[in-house]
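Shown next, in structure tokens, is the structure this report addresses.
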Amino acid sequence: MKKILYITLVAGLTFATSCKKGFLDQVPDDRLTLDQTFTTRQTAEKFLANIYSQIPDEFGQRNPNTGRNAGVWTGSSDEAEWVWGFNQCNNINIGSWDANSGFVNDYWNNFYRGIRSASFFIANIDRVTQDITPQLTVQYKNEARALRAMYYFYLARIYGPVVLLGESVIEPDAPTETLRLPRNSFDECINYIVSELDAAAANLPVNASSIDNYGRITKGMALSYKVQALVLAASPLYNGNTDLANLKNKDGKQLISQTFDASKWKRASDAAKAYITQFVPGTYSLFRKNNAAGNFDPYLSCRDLFIDRFNNEIIMTRVEASIGSRQYEMTPYHNGSNSEVRGSAGLGATQNQVDAFFTANGRTIDDPASGYVRTGSTNFQAPGSPIATDTYNQWVNREPRFYVNITYHNSVWLNTRFGNIITQFNNNGNSGKATGGNDYTVTGYAVRKAQGLGNWNEGNRPVILYRVGNLFLDYVEALNESTPGDPDILNYLNQIRQRAGIPQYGSGAGQIPAPADQAAMRQAIRNERRSELAFENVRYFDTRRWKIAETTDNGPIYGLNITQNLPAFLTVIPFETRTFTKRHYLFPIPAKDVNSDDLMVQNPGW
């Protein structure tokens, strides 16, 4: 079953806005236009499409504050770095941002715009009487309800406790005092999100009714955000975090729970298990692909998951995404080659992330049994590569996901239409710093995940926002925290590893001994998340909800010595010293809203 998120941007359907202050300034105040909008099914559908348009386009992260809600998540984690200094991620990395920064305001305003529009739609769709059935009205209303809850989730994930507007639609001419609203507690936010998603899902189809409706929110899409919200709420950042003890409303209301509650992990694991029981493998499943000989191929399975548009692993996606610009950022400069294979490699993978991938025998590189070799080179043919090349031993015999995710020096480029192009990242190589001008990798590696096999400048391709691999890892994390030793932990963790082509955990032949206790399993799960979900906008939020970002995102971040040729190029050096303090766990609330609403409190440290 194909599952894509079809987004039609509205052309010519423009609403005037009021002059009210801050994030509440989102309401159409042209009453005649509003009446016209909710007269016909066609214009109402355009309004609904505008609500859909706030779903993040995570391929557009080079310019994240352009109205498409693309994140700063990949380049602001320890996974990657952009070469271009104008990118907002680089400002975050060095601590040069605050409550007045444009992207801080943009996410806040955009998601609240989606929330307010959804509430307007819910309140007015019943007025449409032309060419619409009662059943379709109910479906559209619940699509908007699910989208509204999803946007609250995105806000809470970024800012922590936010303002819940509920069902009330604040009129454009409402008295100013009605716009004074305090923040809700984080638990209130999560409970609202969950209840809204449950209510919406009860009235949404499991599958699209036809090919023309594949993009509409389904039951599985809505409930996947319930799982994510509950995992977030159970995590250390929000579950008994005394570092945020001073985050209170002006009336003294505590906004972050100060007591650890183990039942939150149980609630999350139960929700994930219920989701799997309902939808996997009937509606969604782990993607698997065979090679030309008909045999299962882990490399192709992990690579083509992001290339085959309509595969059953994808739960939530945005189809209208900036894949062309993202592929330019991943395609190396390849001086002298055809424009189809010439890009920038401006999105560089860090040595920190390169070292996080397992070896081919499924072990971390610091495990004495891994077989990892730090020096020398080998004539090596990587998975998916048509030829062998002289390869630095650090990159030899790594797990298939390494070769899916990373372009390294002397690797063969994916697009072979013009022959086997070998990428050279050393200073004077075909994609090196001296060669590329402003287009080069600052780390000596390029991100490769989701790169197509043809022209980098292709049209739209869906960006995956949530998939079965993420679901399984969310489940085992929550289960390990709530019920350590449950056999489902190894079961679902091993399904991820088996698809990745590395040994499973257990006591059987060819397996790796299972982690000995809850703490060891916790680390194994975190290691697996870092490899399986690399460059999927997960690591940024993982390090923050686990409260480890003060270690992972603070201090030196490493890459290769890109200003040198071989052999000095291969020396690992810090390319940036990053700044992360406790205040950075949450975005600040935009200053304009704190200043205009005397009940709104700022996040600590801002």
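Labels for the structure tokens follow display order: chains A, B, ..., residues from 1 in each chain, ligands from 1.
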
### Message
Need the shell around Ser119 (chain A): protein/DNA/RNA residues with any atom at most 8 Å away, counting only C-alpha atoms. Skip same-chain ones fewer than 2 positions apart. Format as a ChimeraX atom specification?
### Response
/A:115-117,121-123,144-145,148,167-169

Convert the current residue selection to file output with N, CA and C atoms, as a PDB file, in the first residue's frame.
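Once written, selection-v8.pdb looks like this:
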ATOM      1  N   ILE A 115      -2.068  25.411  13.712  1.00  0.00           N
ATOM      2  CA  ILE A 115      -3.023  25.082  14.778  1.00  0.00           C
ATOM      3  C   ILE A 115      -4.267  25.956  14.683  1.00  0.00           C
ATOM      4  N   ARG A 116      -4.065  27.260  14.531  1.00  0.00           N
ATOM      5  CA  ARG A 116      -5.208  28.168  14.448  1.00  0.00           C
ATOM      6  C   ARG A 116      -6.040  27.882  13.209  1.00  0.00           C
ATOM      7  N   SER A 117      -5.372  27.627  12.082  1.00  0.00           N
ATOM      8  CA  SER A 117      -6.106  27.327  10.850  1.00  0.00           C
ATOM      9  C   SER A 117      -6.906  26.037  10.994  1.00  0.00           C
ATOM     10  N   PHE A 121     -10.889  25.554  10.633  1.00  0.00           N
ATOM     11  CA  PHE A 121     -11.459  24.571   9.714  1.00  0.00           C
ATOM     12  C   PHE A 121     -12.461  23.679  10.441  1.00  0.00           C
ATOM     13  N   ILE A 122     -12.073  23.186  11.606  1.00  0.00           N
ATOM     14  CA  ILE A 122     -12.959  22.312  12.380  1.00  0.00           C
ATOM     15  C   ILE A 122     -14.263  23.035  12.724  1.00  0.00           C
ATOM     16  N   ALA A 123     -14.145  24.319  13.055  1.00  0.00           N
ATOM     17  CA  ALA A 123     -15.322  25.084  13.456  1.00  0.00           C
ATOM     18  C   ALA A 123     -16.239  25.433  12.287  1.00  0.00           C
ATOM     19  N   ALA A 144      -7.912  17.507  10.109  1.00  0.00           N
ATOM     20  CA  ALA A 144      -7.474  18.772  10.699  1.00  0.00           C
ATOM     21  C   ALA A 144      -7.188  18.611  12.192  1.00  0.00           C
ATOM     22  N   ARG A 145      -7.985  17.810  12.860  1.00  0.00           N
ATOM     23  CA  ARG A 145      -7.770  17.579  14.293  1.00  0.00           C
ATOM     24  C   ARG A 145      -6.444  16.879  14.538  1.00  0.00           C
ATOM     25  N   ARG A 148      -3.560  19.329  13.844  1.00  0.00           N
ATOM     26  CA  ARG A 148      -3.420  20.273  14.954  1.00  0.00           C
ATOM     27  C   ARG A 148      -2.624  19.644  16.097  1.00  0.00           C
ATOM     28  N   GLU A 167     -10.250  24.251  21.957  1.00  0.00           N
ATOM     29  CA  GLU A 167     -11.200  24.333  20.855  1.00  0.00           C
ATOM     30  C   GLU A 167     -11.634  25.756  20.557  1.00  0.00           C
ATOM     31  N   SER A 168     -11.373  26.654  21.464  1.00  0.00           N
ATOM     32  CA  SER A 168     -11.856  28.017  21.281  1.00  0.00           C
ATOM     33  C   SER A 168     -11.102  28.708  20.157  1.00  0.00           C
ATOM     34  N   VAL A 169     -11.864  29.336  19.271  1.00  0.00           N
ATOM     35  CA  VAL A 169     -11.273  30.143  18.211  1.00  0.00           C
ATOM     36  C   VAL A 169     -11.373  31.594  18.641  1.00  0.00           C
TER      37      VAL A 169
END

Pull the closest atom pair for each residue of region 320-401 of chain A that gets at most 8 Å from region 458-461 of chain A, along with the distance in Å to one decimal, counting only C-alpha atoms, ordering rows by chain and then ascending residue number, as JSON lines.
{"residue": "A:Glu320", "atom": "CA", "partner": "A:Asn460", "partner_atom": "CA", "distance": 5.7}
{"residue": "A:Ala321", "atom": "CA", "partner": "A:Asn460", "partner_atom": "CA", "distance": 5.5}
{"residue": "A:Ser322", "atom": "CA", "partner": "A:Asn460", "partner_atom": "CA", "distance": 6.3}
{"residue": "A:Ile323", "atom": "CA", "partner": "A:Asn460", "partner_atom": "CA", "distance": 5.8}
{"residue": "A:Gly324", "atom": "CA", "partner": "A:Glu458", "partner_atom": "CA", "distance": 5.4}

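Non-sequential neighbours of region 568-573 of chain A (distance at most 8 Å, separation of 5 or more positions within a chain, only C-alpha atoms) are Gln351, Asn426, Asn427, Tyr558, Gly559, Leu560, Asn561, Ile562 and Thr563 of chain A.
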
Give me the region 58-120 of chain A side of the contact with region 308-318 of chain A, cut-off 12 Å, one line per residue showing its nearest atom pair and distance in Å at one decimal, counting only C-alpha atoms, sorted by chain and residue number, as a tab-separated table.
residue	atom	partner	partner_atom	distance
A:Glu58	CA	A:Arg318	CA	8.7
A:Phe59	CA	A:Arg318	CA	9.8
A:Gly60	CA	A:Arg318	CA	11.8
A:Arg68	CA	A:Arg318	CA	11.0
A:Asn69	CA	A:Arg318	CA	11.6
A:Ala70	CA	A:Arg318	CA	11.2

### Exercise: region 276-278 of chain A partners within 12 Å, only C-alpha atoms, chain neighbours under 3 positions left out, as a PyMOL selection string
chain A and resi 206+219-220+223-224+227+269-273+281-286+315+467-476+488+492

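Proximity of A:Val231, A:Val162, A:Ala516, A:Ala99 to Lys248 (chain A), computed with only C-alpha atoms, is greatest for A:Val162.
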
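If you measure from each of A:Leu490, A:Met330, A:Val138, A:Ile365 to Ala349 (chain A) using only C-alpha atoms, the closest one turns out to be A:Met330.
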
Which residues of region 474-540 of chain A sit at most 12 Å from region 404-413 of chain A, using only C-alpha atoms? Give each one's shortest atom pair and distance in Å (one decimal place), in chain and ascending residue order, as a tab-separated table.
residue	atom	partner	partner_atom	distance
A:Ala500	CA	A:Val404	CA	10.4
A:Arg530	CA	A:Asn405	CA	11.6
A:Ser531	CA	A:Asn405	CA	9.1
A:Glu532	CA	A:Asn405	CA	9.6
A:Leu533	CA	A:Asn405	CA	10.0
A:Ala534	CA	A:Asn405	CA	7.5
A:Phe535	CA	A:Asn405	CA	8.1
A:Glu536	CA	A:Asn405	CA	10.6

### Task
Can you list, as an MDAnalysis selection string, all residues belonging to region 43-157 of chain A that DSSP tags as helix (DSSP H, G or I)?
chainID A and resid 43:52 88:93 102:127 134:157

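Closest approach to Val163 (chain A) from the set A:Val354, A:Ala268, A:Val594, A:Lys449 is made by A:Val594, with distances taken over only C-alpha atoms.
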
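Counting only C-alpha atoms, the residue from A:Tyr151, A:Tyr333, A:Trp395, A:Trp97 that sits nearest to Ala356 (chain A) is A:Trp395.
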
When you look at region 182-186 of chain A with a cut-off of 6 Å (counting only C-alpha atoms), what residues show up, excluding the ones that are within fewer than 3 positions of it in the same chain? I need them as a tab-separated table (two decimals) with C-alpha atoms, in the first residue's frame.
chain	number	residue	atom	x	y	z
A	161	PRO	CA	5.64	23.38	27.57
A	162	VAL	CA	3.56	25.56	25.25
A	163	VAL	CA	0.18	27.30	25.23
A	189	CYS	CA	0.48	19.31	26.57
A	255	LEU	CA	5.62	23.31	34.09
A	256	ILE	CA	8.00	20.32	34.21
A	599	LEU	CA	1.48	35.72	31.54
A	600	MET	CA	4.05	34.09	29.27

#### Entry: One-decimal distance in Å that lies between CA of Gly85 (chain A) and CA of Gly102 (chain A)
15.6 Å

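Across the model, the gap from CA of Gln394 (chain A) to CA of Thr378 (chain A) is 9.8 Å.
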
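You will find CA of Asn142 (chain A) at 4.8 Å from CA of Ala200 (chain A).
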